>>> print(open('structure_4.cif').read())   # mmCIF, C-alpha atoms and all ligand atoms
data_input
loop_
_atom_site.label_atom_id
_atom_site.label_comp_id
_atom_site.auth_asym_id
_atom_site.auth_seq_id
_atom_site.Cartn_x
_atom_site.Cartn_y
_atom_site.Cartn_z
CA MET D 544 10.84 -4.88 13.89
CA TYR D 545 14.03 -3.99 12.02
CA THR D 546 13.56 -4.63 8.32
CA GLY D 547 16.82 -3.25 6.95
CA LYS D 548 14.99 -0.49 5.14
CA THR D 549 16.14 3.10 5.30
CA GLU D 550 14.04 5.33 7.52
CA MET D 551 12.20 7.70 5.23
CA PRO D 552 10.70 11.13 5.98
CA CYS D 553 6.99 11.95 6.14
CA CYS D 554 5.48 10.99 2.79
CA LEU D 555 3.26 14.07 2.81
CA CYS D 556 5.59 16.91 3.83
CA GLY D 557 9.12 15.47 3.97
CA ASN D 558 9.59 16.11 7.69
CA GLY D 559 12.22 13.66 8.96
CA ASP D 560 10.60 13.36 12.39
CA THR D 561 7.94 10.69 11.91
CA VAL D 562 5.57 9.11 14.43
CA ALA D 563 3.63 6.52 12.46
CA ARG D 564 4.16 4.04 9.68
CA LEU D 565 1.72 2.21 7.40
CA ASP D 566 2.72 -1.02 5.66
CA LEU D 567 1.03 -1.53 2.31
CA PRO D 568 0.92 -4.18 -0.42
CA PRO D 569 2.97 -3.21 -3.54
CA ARG D 570 -0.10 -3.34 -5.79
CA VAL D 571 -1.39 -0.05 -4.32
CA VAL D 572 1.75 1.87 -5.39
CA PRO D 573 0.17 3.15 -8.66
CA LEU D 574 -2.38 5.05 -6.53
CA MET D 575 0.38 7.11 -4.95
CA ASP D 576 1.90 10.40 -6.04
CA ASN D 577 4.97 10.09 -8.34
CA ALA D 578 4.33 6.35 -8.84
CA GLY D 579 4.87 6.51 -12.62
CA PRO D 580 8.43 5.18 -12.87
CA ILE D 581 8.07 2.51 -10.15
CA ALA D 582 7.83 -1.10 -11.29
CA TRP D 583 5.64 -2.18 -8.40
CA ARG D 584 5.68 -5.81 -9.56
CA ASP D 585 9.38 -5.93 -8.70
CA ILE D 586 8.87 -4.77 -5.12
CA ILE D 587 9.64 -7.42 -2.53
CA GLY D 588 7.56 -7.43 0.64
CA GLU D 589 5.58 -4.44 1.75
CA VAL D 590 5.81 -0.75 0.99
CA SER D 591 6.10 1.43 4.08
CA ILE D 592 5.05 5.06 4.28
CA HIS D 593 5.76 7.33 7.23
CA PHE D 594 3.99 10.32 8.72
CA CYS D 595 5.03 13.21 10.94
CA ALA D 596 2.87 13.98 13.99
CA SER D 597 0.67 16.66 12.43
CA ASP D 598 0.14 14.79 9.16
CA TRP D 599 -0.64 11.59 11.03
CA GLU D 600 -3.41 13.42 12.87
CA LEU D 601 -4.70 14.60 9.51
CA VAL D 602 -4.59 11.09 8.04
CA CYS D 603 -6.48 9.64 11.03
CA ASP D 604 -9.22 12.29 10.60
CA LEU D 605 -9.35 11.69 6.87
CA VAL D 606 -9.64 7.92 7.21
CA LEU D 607 -11.77 7.58 10.36
CA ASP D 608 -14.04 10.64 10.12
CA ILE D 609 -14.28 11.44 6.43
CA GLY D 610 -13.74 7.93 5.08
CA MET D 611 -11.09 8.79 2.52
CA GLY D 612 -7.76 7.15 1.81
CA PRO D 613 -4.64 9.35 1.85
CA LEU D 614 -2.58 7.55 -0.78
CA GLY D 615 -3.18 9.96 -3.67
CA ARG D 616 -1.29 12.61 -1.72
CA CYS D 617 1.49 10.36 -0.46
CA ASN D 618 4.75 10.74 -2.34
CA VAL D 619 6.04 7.29 -3.21
CA ALA D 620 9.53 8.78 -3.52
CA ARG D 621 9.40 9.00 0.29
CA ALA D 622 8.19 5.43 0.77
CA SER D 623 10.54 2.65 1.79
CA PHE D 624 10.59 -0.68 -0.02
CA ASP D 625 12.99 -3.21 -1.45
CA ILE D 626 13.09 -3.80 -5.17
CA ARG D 627 14.15 -7.05 -6.79
CA GLU D 628 17.60 -7.07 -8.37
CA ASP D 629 17.59 -6.24 -12.06
CA PHE D 630 18.81 -9.58 -13.32
CA GLU D 631 16.13 -11.35 -11.34
CA ALA D 632 13.49 -9.05 -12.75
CA LEU D 633 14.71 -9.83 -16.26
CA LEU D 634 14.59 -13.56 -15.66
CA ASN D 635 11.06 -13.23 -14.39
CA ASP D 636 9.96 -10.86 -17.09
CA VAL D 637 7.46 -13.21 -18.70
CA ARG D 638 6.25 -14.86 -15.53
CA GLU D 639 2.57 -15.11 -14.83
CA GLU D 640 1.78 -12.48 -12.26
CA PRO D 641 -0.42 -13.81 -9.46
CA ASN D 642 -3.24 -11.46 -8.52
CA GLN D 643 -2.29 -11.55 -4.90
CA SER D 644 1.25 -11.85 -3.66
CA PRO D 645 1.82 -13.58 -0.31
CA THR D 646 2.46 -10.12 1.19
CA GLU D 647 -0.86 -8.87 -0.10
CA ARG D 648 -2.75 -11.91 1.17
CA ARG D 649 -1.19 -11.53 4.61
CA LEU D 650 -1.94 -7.79 4.79
CA LEU D 651 -5.50 -8.31 3.59
CA ALA D 652 -6.21 -11.07 6.10
CA GLU D 653 -4.81 -8.92 8.88
CA SER D 654 -6.84 -5.90 7.72
CA ASP D 655 -10.04 -7.91 7.72
CA ARG D 656 -9.32 -9.17 11.21
CA VAL D 657 -8.60 -5.67 12.52
CA ILE D 658 -11.75 -4.19 10.96
CA THR D 659 -13.94 -7.01 12.32
CA GLU D 660 -12.49 -7.10 15.81
CA TYR D 661 -11.60 -3.45 16.42
CA ASP D 662 -14.64 -2.68 18.56
CA ALA D 663 -14.23 -5.79 20.70
CA ASP D 664 -10.47 -5.99 21.02
CA GLU D 665 -8.75 -3.28 23.04
CA ALA D 666 -5.33 -4.48 21.93
CA ILE D 667 -6.01 -3.20 18.41
CA GLU D 668 -4.72 0.34 18.12
CA THR D 669 -6.18 3.18 16.09
CA ARG D 670 -3.11 3.00 13.86
CA ASP D 671 -4.00 -0.60 13.01
CA LEU D 672 -7.53 0.38 12.07
CA VAL D 673 -6.31 3.24 9.88
CA GLU D 674 -3.86 0.90 8.15
CA ALA D 675 -6.54 -1.75 7.64
CA LYS D 676 -8.97 0.69 6.06
CA VAL D 677 -6.33 2.27 3.82
CA ILE D 678 -5.29 -1.19 2.55
CA ARG D 679 -8.88 -2.30 1.98
CA TRP D 680 -9.88 0.83 0.06
CA ALA D 681 -6.67 0.95 -1.96
CA LEU D 682 -6.98 -2.67 -3.11
CA ALA D 683 -10.62 -2.10 -4.04
CA ASP D 684 -9.50 0.92 -6.08
CA VAL D 685 -6.80 -0.90 -8.01
CA GLU D 686 -9.15 -3.80 -8.63
CA ASN D 687 -11.72 -1.44 -10.17
CA ASP D 688 -9.02 0.03 -12.39
CA GLU D 689 -7.84 -3.42 -13.45
CA ASP D 690 -11.39 -4.50 -14.31
CA GLU D 691 -11.85 -1.46 -16.49
CA SER D 692 -8.62 -1.92 -18.40
CA ASP D 693 -9.31 -5.64 -18.80
CA GLY D 694 -12.58 -4.83 -20.52
CA THR D 695 -10.90 -2.87 -23.28
CA ALA D 696 -7.62 -4.73 -23.65
CA ARG D 697 -8.82 -8.31 -23.75
CA SER D 698 -11.41 -10.01 -25.89
CA PRO D 699 -13.28 -13.12 -24.71
CA ALA D 700 -12.08 -14.97 -27.80
CA THR D 701 -8.55 -15.36 -26.37
CA ASP D 702 -9.78 -17.99 -23.89
ZN ZN R 1 4.35 15.48 7.44
#
>>> encode(input="structure_4.cif", output="structure tokens")
Amino acid sequence: MYTGKTEMPCCLCGNGDTVARLDLPPRVVPLMDNAGPIAWRDIIGEVSIHFCASDWELVCDLVLDIGMGPLGRCNVARASFDIREDFEALLNDVREEPNQSPTERRLLAESDRVITEYDADEAIETRDLVEAKVIRWALADVENDEDESDGTARSPATD
């Protein structure tokens, strides 16, 4: 599917010849390398990262055999995503941020389906399973982080 985004190089090594792409919800961006300056709340739609052939093999091993997500090593500067226009971001500056954007809900639902049906459904590719697991783990990670910061930053009396 053509999304209008620029093709980006491998997010691990910068090789321009990529073979696989993972689409992720914006909320996982803070887990990635170089994510500091990125206002992930202003990202529209999903964040796509790309892998060259040898790094994709590595990522598949990491996710499927070792059970680890690759995002900490993925350079977000080599990810492709669309960011909301500045004036729009300003207008929405004080908006209540929903926990799950429509993109995130869709990706999560799809991930759950893939993980549940992978063994039974031959149409589901290994890439889909890798993507599903990476999304699941990453969202669990950011949720843990958010819980921890909530505990210190907010007192029950504000309710
Ligand atoms: Zn690479």
>>> residues_near_ligand(input="structure_4.cif", ligand="ligand ZN 1 (chain R)", cutoff="8 Å", atoms="only C-alpha atoms and all ligand atoms", output="PDB file with C-alpha atoms, in the coordinates of the input")
ATOM      1  CA  PRO D 552      10.700  11.130   5.980  1.00  0.00           C
ATOM      2  CA  CYS D 553       6.990  11.950   6.140  1.00  0.00           C
ATOM      3  CA  CYS D 554       5.480  10.990   2.790  1.00  0.00           C
ATOM      4  CA  LEU D 555       3.260  14.070   2.810  1.00  0.00           C
ATOM      5  CA  CYS D 556       5.590  16.910   3.830  1.00  0.00           C
ATOM      6  CA  GLY D 557       9.120  15.470   3.970  1.00  0.00           C
ATOM      7  CA  ASN D 558       9.590  16.110   7.690  1.00  0.00           C
ATOM      8  CA  THR D 561       7.940  10.690  11.910  1.00  0.00           C
ATOM      9  CA  PHE D 594       3.990  10.320   8.720  1.00  0.00           C
ATOM     10  CA  CYS D 595       5.030  13.210  10.940  1.00  0.00           C
ATOM     11  CA  ALA D 596       2.870  13.980  13.990  1.00  0.00           C
ATOM     12  CA  SER D 597       0.670  16.660  12.430  1.00  0.00           C
ATOM     13  CA  ASP D 598       0.140  14.790   9.160  1.00  0.00           C
ATOM     14  CA  TRP D 599      -0.640  11.590  11.030  1.00  0.00           C
TER      15      TRP D 599
END
>>> closest_atom_pairs(input="structure_4.cif", of="range 559-654 of chain D", to="range 659-666 of chain D", cutoff="12 Å", atoms="only C-alpha atoms", output="CSV")
residue,atom,partner,partner_atom,distance
D:Ala652,CA,D:Thr659,CA,10.7
D:Glu653,CA,D:Thr659,CA,9.9
D:Ser654,CA,D:Thr659,CA,8.5
>>> write_last_selection(input="structure_4.cif", atoms="C-alpha atoms", output="tab-separated table (two decimals), keeping the file's coordinate frame")
chain	number	residue	atom	x	y	z
D	652	ALA	CA	-6.21	-11.07	6.10
D	653	GLU	CA	-4.81	-8.92	8.88
D	654	SER	CA	-6.84	-5.90	7.72
>>> closest_residue(input="structure_4.cif", among="D:Leu650, D:Ile678, D:Ile658, D:Met551", to="Ala622 in chain D", atoms="only C-alpha atoms")
D:Met551
>>> residues_around(input="structure_4.cif", residues="Arg679 in chain D", least_positions_apart="5", cutoff="9 Å", atoms="only C-alpha atoms", output="list in words")
Leu651, Ser654, Asp655, Glu674 and Asp684 of chain D
>>> atom_distance(input="structure_4.cif", atom1="CA of Asn577 in chain D", atom2="CA of Asp608 in chain D")
26.5 Å
>>> atom_distance(input="structure_4.cif", atom1="CA of Ile586 in chain D", atom2="CA of Pro569 in chain D")
6.3 Å
>>> atom_distance(input="structure_4.cif", atom1="CA of Ile581 in chain D", atom2="CA of Pro613 in chain D")
18.8 Å
>>> closest_residue(input="structure_4.cif", among="D:Ile587, D:Ala563, D:Val602, D:Ala683", to="Leu614 in chain D", atoms="all atoms listed in the file")
D:Val602
>>> closest_residue(input="structure_4.cif", among="D:Ala681, D:Val673, D:Val571, D:Val619", to="Asp604 in chain D", atoms="all atoms listed in the file")
D:Val673
>>> closest_residue(input="structure_4.cif", among="D:Val562, D:Leu601, D:Leu574, D:Leu567", to="Glu550 in chain D", atoms="only C-alpha atoms")
D:Val562
>>> closest_residue(input="structure_4.cif", among="D:Arg656, D:Gly610, D:Arg616, D:Val572", to="Leu682 in chain D", atoms="all atoms listed in the file")
D:Val572
